[in-house]
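Engineer: protein-v1.txt is the file, holding compact mmCIF, C-alpha atoms:
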```txt
# COMPACT_ATOMS: atom_id res chain seq x y z
CA MET A 1216 17.66 -116.29 -29.50
CA ARG A 1217 17.47 -116.71 -25.72
CA ILE A 1218 14.48 -115.61 -23.66
CA TYR A 1219 15.32 -114.75 -20.04
CA PHE A 1220 12.52 -115.66 -17.67
CA ASN A 1221 11.99 -113.71 -14.45
CA VAL A 1222 10.16 -116.06 -12.10
CA ALA A 1223 9.30 -113.35 -9.55
CA VAL A 1224 7.71 -111.12 -12.19
CA PHE A 1225 5.77 -114.07 -13.58
CA ILE A 1226 4.41 -114.97 -10.14
CA VAL A 1227 3.24 -111.41 -9.58
CA LEU A 1228 1.62 -111.45 -13.03
CA LEU A 1229 -0.25 -114.65 -12.20
CA ALA A 1230 -1.38 -113.17 -8.91
CA ASN A 1231 -2.68 -110.07 -10.66
CA ILE A 1232 -4.59 -112.21 -13.15
CA ALA A 1233 -6.13 -114.17 -10.28
CA LEU A 1234 -7.09 -110.94 -8.55
CA ALA A 1235 -8.69 -109.60 -11.70
CA GLU A 1236 -10.79 -112.75 -11.93
CA GLY A 1237 -11.68 -112.54 -8.26
CA ALA A 1238 -10.22 -114.66 -5.47
CA LYS A 1239 -12.46 -117.60 -4.57
CA THR A 1240 -13.48 -117.96 -0.93
CA LEU A 1241 -12.38 -121.28 0.53
CA ALA A 1242 -15.25 -123.78 0.62
CA ILE A 1243 -16.48 -125.52 3.77
CA GLY A 1244 -14.66 -128.83 4.16
CA SER A 1245 -11.53 -127.60 2.40
CA ALA A 1246 -8.10 -128.17 3.89
CA ALA A 1247 -6.38 -125.10 5.33
CA PRO A 1248 -3.82 -123.76 2.84
CA ASP A 1249 -0.39 -123.48 4.38
CA PHE A 1250 1.40 -120.16 4.74
CA HIS A 1251 4.76 -118.79 5.84
CA LEU A 1252 4.25 -115.28 7.14
CA LYS A 1253 6.13 -112.90 9.41
CA GLY A 1254 4.41 -111.74 12.56
CA VAL A 1255 4.79 -108.40 14.30
CA ASP A 1256 7.11 -110.23 16.72
CA ASP A 1257 9.39 -110.89 13.69
CA LYS A 1258 8.83 -114.66 13.95
CA ILE A 1259 7.76 -116.76 10.95
CA TYR A 1260 4.46 -118.61 11.31
CA SER A 1261 2.95 -121.50 9.36
CA LEU A 1262 0.21 -124.06 9.98
CA LYS A 1263 2.76 -126.15 11.89
CA SER A 1264 3.11 -123.32 14.39
CA PHE A 1265 -0.40 -124.17 15.63
CA ALA A 1266 -0.23 -127.97 15.31
CA GLU A 1267 -1.08 -128.47 18.98
CA SER A 1268 -4.32 -126.48 18.79
CA PRO A 1269 -7.55 -128.46 18.35
CA VAL A 1270 -9.17 -125.46 16.61
CA LEU A 1271 -7.53 -122.78 14.47
CA ALA A 1272 -9.30 -119.48 13.83
CA ILE A 1273 -7.75 -117.29 11.13
CA VAL A 1274 -9.05 -113.74 10.84
CA PHE A 1275 -8.23 -111.58 7.83
CA SER A 1276 -8.22 -108.04 9.14
CA CYS A 1277 -6.12 -104.86 9.04
CA ASN A 1278 -5.25 -101.64 10.83
CA HIS A 1279 -7.21 -99.01 8.96
CA CYS A 1280 -10.72 -100.34 8.41
CA PRO A 1281 -13.27 -98.95 10.91
CA THR A 1282 -15.11 -102.28 11.02
CA ALA A 1283 -11.87 -104.12 11.66
CA GLN A 1284 -11.06 -101.71 14.49
CA ALA A 1285 -14.52 -102.23 15.94
CA TYR A 1286 -13.83 -105.97 16.22
CA GLU A 1287 -10.33 -105.81 17.74
CA ASP A 1288 -11.45 -106.24 21.33
CA ARG A 1289 -13.80 -109.08 20.43
CA ILE A 1290 -11.01 -110.92 18.62
CA LYS A 1291 -8.91 -110.51 21.74
CA ALA A 1292 -11.83 -111.82 23.78
CA LEU A 1293 -12.09 -114.93 21.58
CA ALA A 1294 -8.41 -115.65 22.16
CA THR A 1295 -8.87 -115.22 25.92
CA GLU A 1296 -12.12 -117.16 26.23
CA PHE A 1297 -10.75 -120.25 24.48
CA LYS A 1298 -7.18 -120.13 25.76
CA ALA A 1299 -7.82 -122.97 28.22
CA GLN A 1300 -8.98 -125.17 25.32
CA LYS A 1301 -5.76 -124.26 23.43
CA VAL A 1302 -7.69 -122.71 20.55
CA ALA A 1303 -5.36 -120.70 18.32
CA VAL A 1304 -6.53 -117.31 17.08
CA VAL A 1305 -4.42 -115.74 14.33
CA VAL A 1306 -4.95 -112.44 12.51
CA ILE A 1307 -3.53 -111.80 9.04
CA SER A 1308 -3.33 -108.43 7.29
CA SER A 1309 -3.22 -109.00 3.53
CA ASN A 1310 -3.88 -105.47 2.32
CA ASP A 1311 -1.32 -103.98 -0.04
CA PRO A 1312 -0.29 -100.70 1.64
CA LYS A 1313 0.55 -99.22 -1.77
CA ALA A 1314 -3.07 -99.73 -2.85
CA ILE A 1315 -4.61 -97.69 -0.02
CA ARG A 1316 -5.71 -94.17 -0.90
CA LEU A 1317 -5.37 -91.47 1.75
CA ASP A 1318 -9.11 -90.83 1.58
CA GLU A 1319 -9.58 -94.44 2.73
CA LEU A 1320 -7.76 -93.64 5.99
CA GLY A 1321 -10.37 -91.30 7.39
CA TYR A 1322 -11.15 -93.53 10.38
CA THR A 1323 -7.63 -94.31 11.48
CA ASP A 1324 -4.25 -92.92 12.47
CA MET A 1325 -2.38 -95.79 10.79
CA SER A 1326 -2.26 -97.48 7.42
CA ASP A 1327 -1.43 -101.16 6.86
CA THR A 1328 2.34 -101.27 6.53
CA PHE A 1329 4.20 -103.90 8.52
CA ASN A 1330 5.73 -101.27 10.82
CA GLU A 1331 2.31 -99.75 11.49
CA MET A 1332 0.96 -103.23 12.25
CA LYS A 1333 3.62 -103.48 14.96
CA LEU A 1334 2.52 -100.17 16.42
CA ARG A 1335 -1.17 -101.10 16.39
CA ALA A 1336 -0.50 -104.50 17.99
CA LYS A 1337 1.45 -102.79 20.77
CA ASP A 1338 -1.14 -100.03 21.27
CA LYS A 1339 -4.00 -102.52 21.56
CA GLY A 1340 -2.11 -105.24 23.44
CA TYR A 1341 -2.88 -107.98 20.94
CA ASN A 1342 -2.89 -111.43 22.54
CA PHE A 1343 -2.65 -113.27 19.22
CA PRO A 1344 -0.13 -113.46 16.35
CA TYR A 1345 -0.59 -110.64 13.84
CA LEU A 1346 0.87 -111.65 10.47
CA TYR A 1347 1.70 -109.68 7.31
CA ASP A 1348 0.68 -110.90 3.85
CA GLY A 1349 0.64 -107.56 2.01
CA ASP A 1350 3.63 -108.02 -0.27
CA ASP A 1351 2.35 -110.83 -2.52
CA GLN A 1352 -1.06 -111.56 -0.90
CA ALA A 1353 -0.53 -115.28 -1.59
CA THR A 1354 -2.32 -116.30 1.61
CA ALA A 1355 -5.32 -114.11 0.90
CA LEU A 1356 -5.51 -115.54 -2.60
CA ALA A 1357 -5.55 -119.05 -1.15
CA TYR A 1358 -8.26 -118.31 1.44
CA GLY A 1359 -10.34 -115.75 -0.43
CA PRO A 1360 -11.48 -113.25 2.21
CA VAL A 1361 -13.99 -110.75 0.85
CA ALA A 1362 -13.82 -108.07 3.54
CA THR A 1363 -12.08 -107.11 6.75
CA PRO A 1364 -12.67 -108.75 9.12
CA HIS A 1365 -13.39 -112.24 7.69
CA ILE A 1366 -12.87 -115.29 9.90
CA PHE A 1367 -12.08 -118.88 8.87
CA ILE A 1368 -12.34 -121.59 11.55
CA PHE A 1369 -10.72 -125.02 11.13
CA ASP A 1370 -11.09 -128.23 13.14
CA LYS A 1371 -8.22 -130.37 14.46
CA GLU A 1372 -7.81 -131.97 11.02
CA ARG A 1373 -7.56 -128.46 9.62
CA LYS A 1374 -10.72 -128.77 7.61
CA LEU A 1375 -12.73 -125.57 7.25
CA ARG A 1376 -15.88 -125.73 9.38
CA TYR A 1377 -16.93 -122.06 9.48
CA ASN A 1378 -16.26 -118.90 7.49
CA GLY A 1379 -17.89 -115.50 7.55
CA ARG A 1380 -18.53 -112.80 10.13
CA ILE A 1381 -17.46 -112.78 13.77
CA ASP A 1382 -20.92 -111.67 14.88
CA ASP A 1383 -23.71 -109.38 13.74
CA VAL A 1384 -22.74 -106.09 15.45
CA GLU A 1385 -20.29 -104.00 13.43
CA LYS A 1386 -19.69 -101.47 16.19
CA PRO A 1387 -17.40 -101.73 19.23
CA THR A 1388 -20.37 -101.65 21.61
CA GLY A 1389 -23.67 -103.51 21.62
CA THR A 1390 -24.77 -107.05 22.27
CA PRO A 1391 -24.72 -109.37 19.24
CA LYS A 1392 -27.80 -111.49 18.58
CA ASN A 1393 -25.70 -114.00 16.68
CA LYS A 1394 -22.22 -114.80 18.04
CA ASP A 1395 -21.41 -116.90 14.99
CA ALA A 1396 -17.64 -117.33 15.42
CA TYR A 1397 -17.90 -117.97 19.15
CA ASN A 1398 -20.62 -120.54 18.60
CA ALA A 1399 -18.62 -122.32 15.90
CA ILE A 1400 -15.54 -122.57 18.10
CA GLN A 1401 -17.61 -123.73 21.06
CA GLU A 1402 -19.21 -126.45 18.98
CA LEU A 1403 -15.86 -127.63 17.64
CA VAL A 1404 -14.18 -127.85 21.04
CA SER A 1405 -17.25 -129.79 22.21
CA ASN A 1406 -16.81 -132.22 19.28
CA LYS A 1407 -20.07 -131.13 17.71
CA PRO A 1408 -20.76 -130.20 14.09
CA VAL A 1409 -20.98 -126.49 13.39
CA SER A 1410 -24.66 -125.66 13.13
CA VAL A 1411 -24.21 -122.50 11.01
CA PRO A 1412 -21.12 -123.06 8.81
CA THR A 1413 -21.27 -119.91 6.67
CA THR A 1414 -22.44 -116.33 6.99
CA LYS A 1415 -21.97 -113.18 4.97
CA THR A 1416 -19.36 -110.65 6.02
CA PHE A 1417 -19.47 -106.88 6.33
CA GLY A 1418 -16.47 -104.58 6.29
CA CYS A 1419 -13.92 -102.85 4.10
CA SER A 1420 -12.98 -104.37 0.76
CA MET A 1421 -9.62 -106.08 0.39
CA LYS A 1422 -6.92 -103.75 -0.92
CA TRP A 1423 -5.59 -105.98 -3.69
CA ILE A 1424 -2.40 -105.23 -5.61
CA THR A 1425 -4.50 -104.41 -8.66
CA LYS A 1426 -5.86 -101.34 -6.84
CA GLU A 1427 -2.49 -99.58 -6.72
CA HIS A 1428 -3.50 -97.42 -9.68
CA GLY A 1429 -6.11 -95.80 -7.42
CA VAL A 1430 -3.35 -94.12 -5.43
CA GLN A 1431 -1.86 -92.62 -8.58
CA ASP A 1432 -5.34 -91.51 -9.70
CA GLU A 1433 -5.88 -89.84 -6.34
CA GLU A 1434 -2.59 -87.95 -6.54
CA ALA A 1435 -3.36 -86.85 -10.09
CA ALA A 1436 -6.70 -85.47 -8.91
CA TRP A 1437 -5.02 -83.43 -6.17
CA ALA A 1438 -2.90 -81.69 -8.79
CA LYS A 1439 -6.07 -80.35 -10.42
CA GLU A 1440 -7.53 -78.85 -7.24
CA PRO A 1441 -7.25 -75.05 -6.98
CA VAL A 1442 -4.92 -73.59 -4.36
CA SER A 1443 -5.50 -70.08 -3.01
CA ILE A 1444 -4.58 -67.82 -0.10
CA GLU A 1445 -6.62 -64.98 1.40
CA THR A 1446 -5.69 -62.16 3.74
CA ILE A 1447 -7.18 -62.26 7.22
CA ASP A 1448 -7.28 -59.62 9.96
CA GLU A 1449 -7.52 -59.83 13.77
CA ALA A 1450 -11.30 -60.10 13.74
CA GLY A 1451 -11.12 -62.81 11.10
CA LEU A 1452 -8.63 -64.82 13.15
CA LYS A 1453 -10.79 -64.59 16.26
CA GLU A 1454 -13.75 -65.76 14.19
CA LEU A 1455 -11.63 -68.62 12.87
CA ILE A 1456 -10.72 -69.71 16.39
CA SER A 1457 -14.33 -69.46 17.57
CA ASN A 1458 -15.11 -72.25 15.07
CA LYS A 1459 -18.82 -71.76 14.57
CA THR A 1460 -18.99 -74.87 12.39
CA ASP A 1461 -19.75 -78.50 13.09
CA LYS A 1462 -16.20 -79.53 12.14
CA LEU A 1463 -13.07 -80.25 14.11
CA ARG A 1464 -10.62 -77.59 12.92
CA LEU A 1465 -6.84 -78.04 12.79
CA ILE A 1466 -5.00 -74.72 12.45
CA ASN A 1467 -1.29 -74.41 11.68
CA VAL A 1468 0.56 -71.08 11.80
CA TRP A 1469 3.65 -71.20 9.62
CA ALA A 1470 5.97 -69.09 7.44
CA THR A 1471 8.03 -69.66 4.33
CA TRP A 1472 11.19 -68.58 6.21
CA CYS A 1473 10.58 -71.07 9.04
CA GLY A 1474 12.54 -74.28 8.39
CA PRO A 1475 10.52 -76.53 10.75
CA CYS A 1476 7.29 -75.13 9.28
CA VAL A 1477 8.30 -76.02 5.75
CA THR A 1478 9.57 -79.46 6.79
CA GLU A 1479 6.39 -80.52 8.58
CA PHE A 1480 3.85 -79.04 6.14
CA PRO A 1481 3.54 -82.28 4.10
CA ASP A 1482 2.33 -84.01 7.28
CA PHE A 1483 -0.58 -81.58 7.43
CA MET A 1484 -1.34 -82.26 3.78
CA GLN A 1485 -1.51 -85.95 4.55
CA MET A 1486 -4.00 -85.28 7.37
CA HIS A 1487 -5.99 -82.96 5.12
CA HIS A 1488 -6.37 -85.71 2.53
CA MET A 1489 -7.08 -88.40 5.15
CA TYR A 1490 -9.80 -86.62 7.10
CA ARG A 1491 -11.34 -83.98 4.86
CA ASN A 1492 -14.32 -86.19 3.99
CA ARG A 1493 -15.17 -86.37 7.70
CA ASP A 1494 -16.28 -83.54 10.01
CA PHE A 1495 -12.79 -82.07 9.84
CA GLU A 1496 -10.93 -79.24 8.17
CA PHE A 1497 -7.33 -78.11 8.04
CA VAL A 1498 -6.58 -74.38 7.89
CA SER A 1499 -3.15 -72.80 7.46
CA VAL A 1500 -2.25 -69.27 8.51
CA SER A 1501 0.92 -67.74 7.07
CA ALA A 1502 2.90 -65.45 9.36
CA ASP A 1503 4.80 -64.03 6.40
CA ASN A 1504 4.54 -60.31 5.88
CA PRO A 1505 1.57 -59.33 3.68
CA ASP A 1506 3.88 -58.34 0.81
CA LYS A 1507 5.09 -61.98 0.66
CA LYS A 1508 1.65 -63.28 -0.22
CA GLU A 1509 2.72 -64.48 -3.69
CA LYS A 1510 5.71 -66.31 -2.21
CA ALA A 1511 3.45 -68.03 0.30
CA LEU A 1512 1.00 -68.94 -2.46
CA LYS A 1513 3.76 -70.44 -4.58
CA PHE A 1514 4.83 -72.62 -1.63
CA LEU A 1515 1.25 -73.76 -1.04
CA GLN A 1516 0.78 -74.58 -4.71
CA GLY A 1517 3.88 -76.74 -4.59
CA LYS A 1518 2.34 -78.67 -1.69
CA ARG A 1519 -1.06 -78.96 -3.41
CA ALA A 1520 -2.61 -77.22 -0.41
CA SER A 1521 -6.22 -77.07 -1.59
CA ASN A 1522 -7.38 -76.49 1.99
CA LYS A 1523 -8.27 -73.03 3.33
CA ASN A 1524 -5.15 -70.83 3.54
CA TYR A 1525 -4.75 -67.35 5.03
CA ILE A 1526 -2.00 -64.76 5.46
CA PHE A 1527 -2.15 -62.17 8.25
CA SER A 1528 -3.01 -58.76 6.85
CA ILE A 1529 -0.58 -56.67 8.89
CA GLU A 1530 3.08 -56.96 9.92
CA ASP A 1531 2.46 -56.72 13.69
CA LYS A 1532 3.15 -60.30 14.75
CA TYR A 1533 2.09 -59.67 18.35
CA LYS A 1534 -1.44 -58.95 17.20
CA LEU A 1535 -1.28 -62.22 15.27
CA ILE A 1536 -0.21 -64.05 18.44
CA GLU A 1537 -2.93 -62.55 20.63
CA SER A 1538 -5.63 -63.19 17.99
CA ILE A 1539 -4.68 -66.85 17.61
CA ASP A 1540 -4.08 -67.83 21.24
CA PRO A 1541 -2.97 -65.61 24.16
CA ASN A 1542 -1.21 -68.66 25.61
CA TRP A 1543 1.07 -68.89 22.58
CA GLN A 1544 4.55 -67.54 23.29
CA GLY A 1545 5.18 -66.65 19.64
CA ALA A 1546 7.60 -69.24 18.25
CA LEU A 1547 6.79 -70.95 14.93
CA PRO A 1548 5.34 -73.27 13.95
CA TYR A 1549 2.24 -73.18 16.13
CA THR A 1550 -0.59 -75.67 15.86
CA ILE A 1551 -3.97 -75.86 17.58
CA LEU A 1552 -6.92 -78.21 17.31
CA VAL A 1553 -10.25 -76.49 17.88
CA GLU A 1554 -13.56 -78.22 18.49
CA PRO A 1555 -16.87 -76.72 17.31
CA GLY A 1556 -17.66 -73.87 19.66
CA GLY A 1557 -14.07 -72.74 20.00
CA LYS A 1558 -12.63 -75.11 22.61
CA ILE A 1559 -8.89 -75.57 22.00
CA VAL A 1560 -8.15 -79.22 22.82
CA TYR A 1561 -4.58 -79.31 21.55
CA ALA A 1562 -1.88 -76.65 21.30
CA LYS A 1563 1.75 -77.14 20.33
CA GLN A 1564 4.53 -74.60 19.86
CA GLY A 1565 7.16 -76.14 17.63
CA PRO A 1566 6.90 -79.14 15.28
CA ILE A 1567 4.16 -81.66 15.92
CA ASP A 1568 4.46 -85.43 16.27
CA PRO A 1569 2.46 -86.54 13.18
CA LYS A 1570 1.55 -89.94 14.64
CA MET A 1571 0.27 -88.38 17.86
CA MET A 1572 -1.56 -85.66 15.93
CA LYS A 1573 -3.41 -88.17 13.78
CA ARG A 1574 -4.36 -90.18 16.84
CA THR A 1575 -5.58 -87.04 18.58
CA ILE A 1576 -7.76 -86.23 15.58
CA VAL A 1577 -9.26 -89.66 15.02
CA GLU A 1578 -9.98 -90.22 18.71
CA ASN A 1579 -11.71 -86.87 19.14
CA LYS A 1580 -15.45 -87.22 19.78
CA TYR A 1581 -16.26 -85.27 16.61
CA ILE A 1582 -14.40 -87.76 14.40
CA GLY A 1583 -13.97 -91.26 15.87
CA ARG A 1584 -12.68 -94.58 14.55
CA PHE A 1585 -16.02 -96.19 13.77
CA TYR A 1586 -19.02 -95.75 11.50
```
What's the structure tokens form of this structure?
Structural biologist:
Amino acid sequence: MRIYFNVAVFIVLLANIALAEGAKTLAIGSAAPDFHLKGVDDKIYSLKSFAESPVLAIVFSCNHCPTAQAYEDRIKALATEFKAQKVAVVVISSNDPKAIRLDELGYTDMSDTFNEMKLRAKDKGYNFPYLYDGDDQATALAYGPVATPHIFIFDKERKLRYNGRIDDVEKPTGTPKNKDAYNAIQELVSNKPVSVPTTKTFGCSMKWITKEHGVQDEEAAWAKEPVSIETIDEAGLKELISNKTDKLRLINVWATWCGPCVTEFPDFMQMHHMYRNRDFEFVSVSADNPDKKEKALKFLQGKRASNKNYIFSIEDKYKLIESIDPNWQGALPYTILVEPGGKIVYAKQGPIDPKMMKRTIVENKYIGRFY
């Protein structure tokens, strides 16, 4: 009897076992483990790519984590400040995108896929290589980051001389009391020993492959949430637009007979699940005739639309238009973003751009990218 051995499956199994036991953080004095990772410029990078640099700083970070986003500009500043000394700063994203729940994306407009890494690097003007390790996480397993961001700094012999936080301010503004990573690099380029070789880190947990079940658990939970639709009149719509809450309110007017409405509705569900734990709510308003309420409800149930849903109580669509927004010309779909107090800060007739919509939400003053 022959036993056929799948090496790839076995490697993944070993990785999962290692993850279950907990990846060990690289000890001070250890040699830098090699890697072969693709960057957002589509080039392959390894330790040899930085052989000419007297100091190598490797940061494990990602797109979605609010703490990681808070440190982006300071990582760029490190690369700029030590460019003359030929210090290499490299950022690696090791999160498994398939292990990230939508409710973990409440502080971002992007997840951690390779394509989204490219977009984030372009948006922020990264001045360092941004590498992807999310498929097998072999590099993260070798280095053992515990949170994002987590920085490892190596000397010219590629021995680890510092690992831990970048500094002690986890917001994008403020003056750090302890510029730990900067100090470590400065000491190394000055041929001095690193005075503080380790610190603790603060940030989002690593999204290991073993967490993929959390996504399935999340989706299963959505299926159990009740979905309903209520009738709403002109006065109710005007009250809805006045937004006397403390939440940013996204309102989409749609209909079951509107092809673009039906096509884009899953994008709104994604936003609902991303941001609903923040000061945000999504509300849908059906422009179907009142006698089509059950048809609208069936559609919403199929989309697991557990948000607030309404259907206009009369057939006069012009009263619907005037109640929602006098500036609306009447074509569906129609989407507005309303701040507390009733200020409309976004209005779009026709399908939205989901990427732009998410950015508009997360960069609004009532939401924000940071804790």
Engineer: Measuring between only C-alpha atoms, which one of A:Leu1547, A:Ile1456, A:Ala1299, A:Leu1535 shows the shortest distance to Val1270 in chain A?
Structural biologist: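 Using only C-alpha atoms, the shortest distance to Val1270 in chain A belongs to A:Ala1299.
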Engineer: Write out as number ranges by chain which residues come within 9 Å of range 1278-1291 of chain A when counting all atoms listed in the file, dropping same-chain ones fewer than 5 positions away.
Structural biologist: A: 1296, 1304, 1306, 1308, 1319-1328, 1331-1332, 1335, 1339-1343, 1363-1364, 1381, 1384-1388, 1417-1420, 1584-1586
Engineer: Neighbours of Trp1472 in chain A within 9 Å (only C-alpha atoms; same-chain residues fewer than 4 positions away dropped), as a PyMOL selection string?
Structural biologist: chain A and resi 1476-1477+1503
Engineer: Neighbouring residues of Tyr1525 in chain A were defined as those with any atom within 7 Å, considering all atoms listed in the file; residues of the same chain fewer than 5 positions away were excluded. Please report them as a list of chain:residue names.
Structural biologist: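 The neighbour list is A:Ile1444, A:Glu1445, A:Thr1446, A:Ile1447, A:Ser1499, A:Val1500, A:Ser1501.
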Engineer: Nearest residue to Lys1337 in chain A out of A:Val1560, A:Leu1452, A:Val1255, A:Leu1375, using all atoms listed in the file?
Structural biologist: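 For Lys1337 in chain A, the nearest of the given residues is A:Val1255.
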Engineer: Work out how far apart CA of Asn1504 in chain A and CA of Glu1449 in chain A are and give it in Å to one decimal.
Structural biologist: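 Taking CA of Asn1504 in chain A and CA of Glu1449 in chain A, their separation equals 14.4 Å.
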Engineer: From the list A:Leu1252, A:Ala1435, A:Val1411, A:Val1302, which residue is nearest Leu1346 in chain A when using only C-alpha atoms?
Structural biologist: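 Closest to Leu1346 in chain A, using only C-alpha atoms: A:Leu1252.
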Engineer: Could you list, as a compact mmCIF listing (two decimals) with C-alpha atoms, in the coordinates of the input, every residue within 10 Å of Leu1463 in chain A, counting all atoms listed in the file and ignoring same-chain residues fewer than 5 positions away?
Structural biologist:
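Final output, selection_7.txt:
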```
# COMPACT_ATOMS: atom_id res chain seq x y z
CA ASN A 1458 -15.11 -72.25 15.07
CA ARG A 1493 -15.17 -86.37 7.70
CA ASP A 1494 -16.28 -83.54 10.01
CA PHE A 1495 -12.79 -82.07 9.84
CA GLU A 1496 -10.93 -79.24 8.17
CA PHE A 1497 -7.33 -78.11 8.04
CA LEU A 1552 -6.92 -78.21 17.31
CA VAL A 1553 -10.25 -76.49 17.88
CA GLU A 1554 -13.56 -78.22 18.49
CA PRO A 1555 -16.87 -76.72 17.31
CA GLY A 1556 -17.66 -73.87 19.66
CA GLY A 1557 -14.07 -72.74 20.00
CA LYS A 1558 -12.63 -75.11 22.61
CA ILE A 1576 -7.76 -86.23 15.58
CA ASN A 1579 -11.71 -86.87 19.14
CA LYS A 1580 -15.45 -87.22 19.78
CA TYR A 1581 -16.26 -85.27 16.61
CA ILE A 1582 -14.40 -87.76 14.40
```
Engineer: From the block I gave, I'd like range 1464-1479 of chain A written with N, CA and C atoms, as a tab-separated table (two decimals), in the first residue's frame.
Structural biologist:
```
chain	number	residue	atom	x	y	z
A	1464	ARG	N	-24.51	58.73	10.01
A	1464	ARG	CA	-25.58	57.91	9.44
A	1464	ARG	C	-25.45	57.83	7.92
A	1465	LEU	N	-25.30	56.62	7.41
A	1465	LEU	CA	-25.26	56.37	5.97
A	1465	LEU	C	-26.63	55.89	5.53
A	1466	ILE	N	-27.24	56.60	4.57
A	1466	ILE	CA	-28.59	56.28	4.11
A	1466	ILE	C	-28.55	55.95	2.62
A	1467	ASN	N	-29.10	54.80	2.28
A	1467	ASN	CA	-29.17	54.38	0.87
A	1467	ASN	C	-30.63	54.18	0.48
A	1468	VAL	N	-31.04	54.86	-0.60
A	1468	VAL	CA	-32.39	54.70	-1.15
A	1468	VAL	C	-32.27	53.76	-2.34
A	1469	TRP	N	-33.06	52.70	-2.33
A	1469	TRP	CA	-32.91	51.63	-3.30
A	1469	TRP	C	-34.28	51.07	-3.66
A	1470	ALA	N	-34.31	50.10	-4.56
A	1470	ALA	CA	-35.56	49.40	-4.90
A	1470	ALA	C	-35.22	48.03	-5.45
A	1471	THR	N	-36.13	47.10	-5.27
A	1471	THR	CA	-35.88	45.74	-5.74
A	1471	THR	C	-35.81	45.67	-7.26
A	1472	TRP	N	-36.48	46.61	-7.96
A	1472	TRP	CA	-36.49	46.62	-9.42
A	1472	TRP	C	-35.31	47.37	-10.03
A	1473	CYS	N	-34.47	47.94	-9.18
A	1473	CYS	CA	-33.33	48.76	-9.62
A	1473	CYS	C	-32.07	47.88	-9.66
A	1474	GLY	N	-31.61	47.55	-10.87
A	1474	GLY	CA	-30.44	46.68	-11.01
A	1474	GLY	C	-29.21	47.17	-10.28
A	1475	PRO	N	-28.78	48.43	-10.47
A	1475	PRO	CA	-27.61	48.93	-9.75
A	1475	PRO	C	-27.77	48.91	-8.23
A	1476	CYS	N	-29.01	49.12	-7.77
A	1476	CYS	CA	-29.28	49.08	-6.32
A	1476	CYS	C	-29.00	47.69	-5.76
A	1477	VAL	N	-29.53	46.69	-6.46
A	1477	VAL	CA	-29.37	45.31	-6.02
A	1477	VAL	C	-27.91	44.89	-6.07
A	1478	THR	N	-27.21	45.33	-7.12
A	1478	THR	CA	-25.81	44.94	-7.31
A	1478	THR	C	-24.91	45.50	-6.21
A	1479	GLU	N	-25.16	46.76	-5.81
A	1479	GLU	CA	-24.25	47.39	-4.85
A	1479	GLU	C	-24.64	47.15	-3.38
```
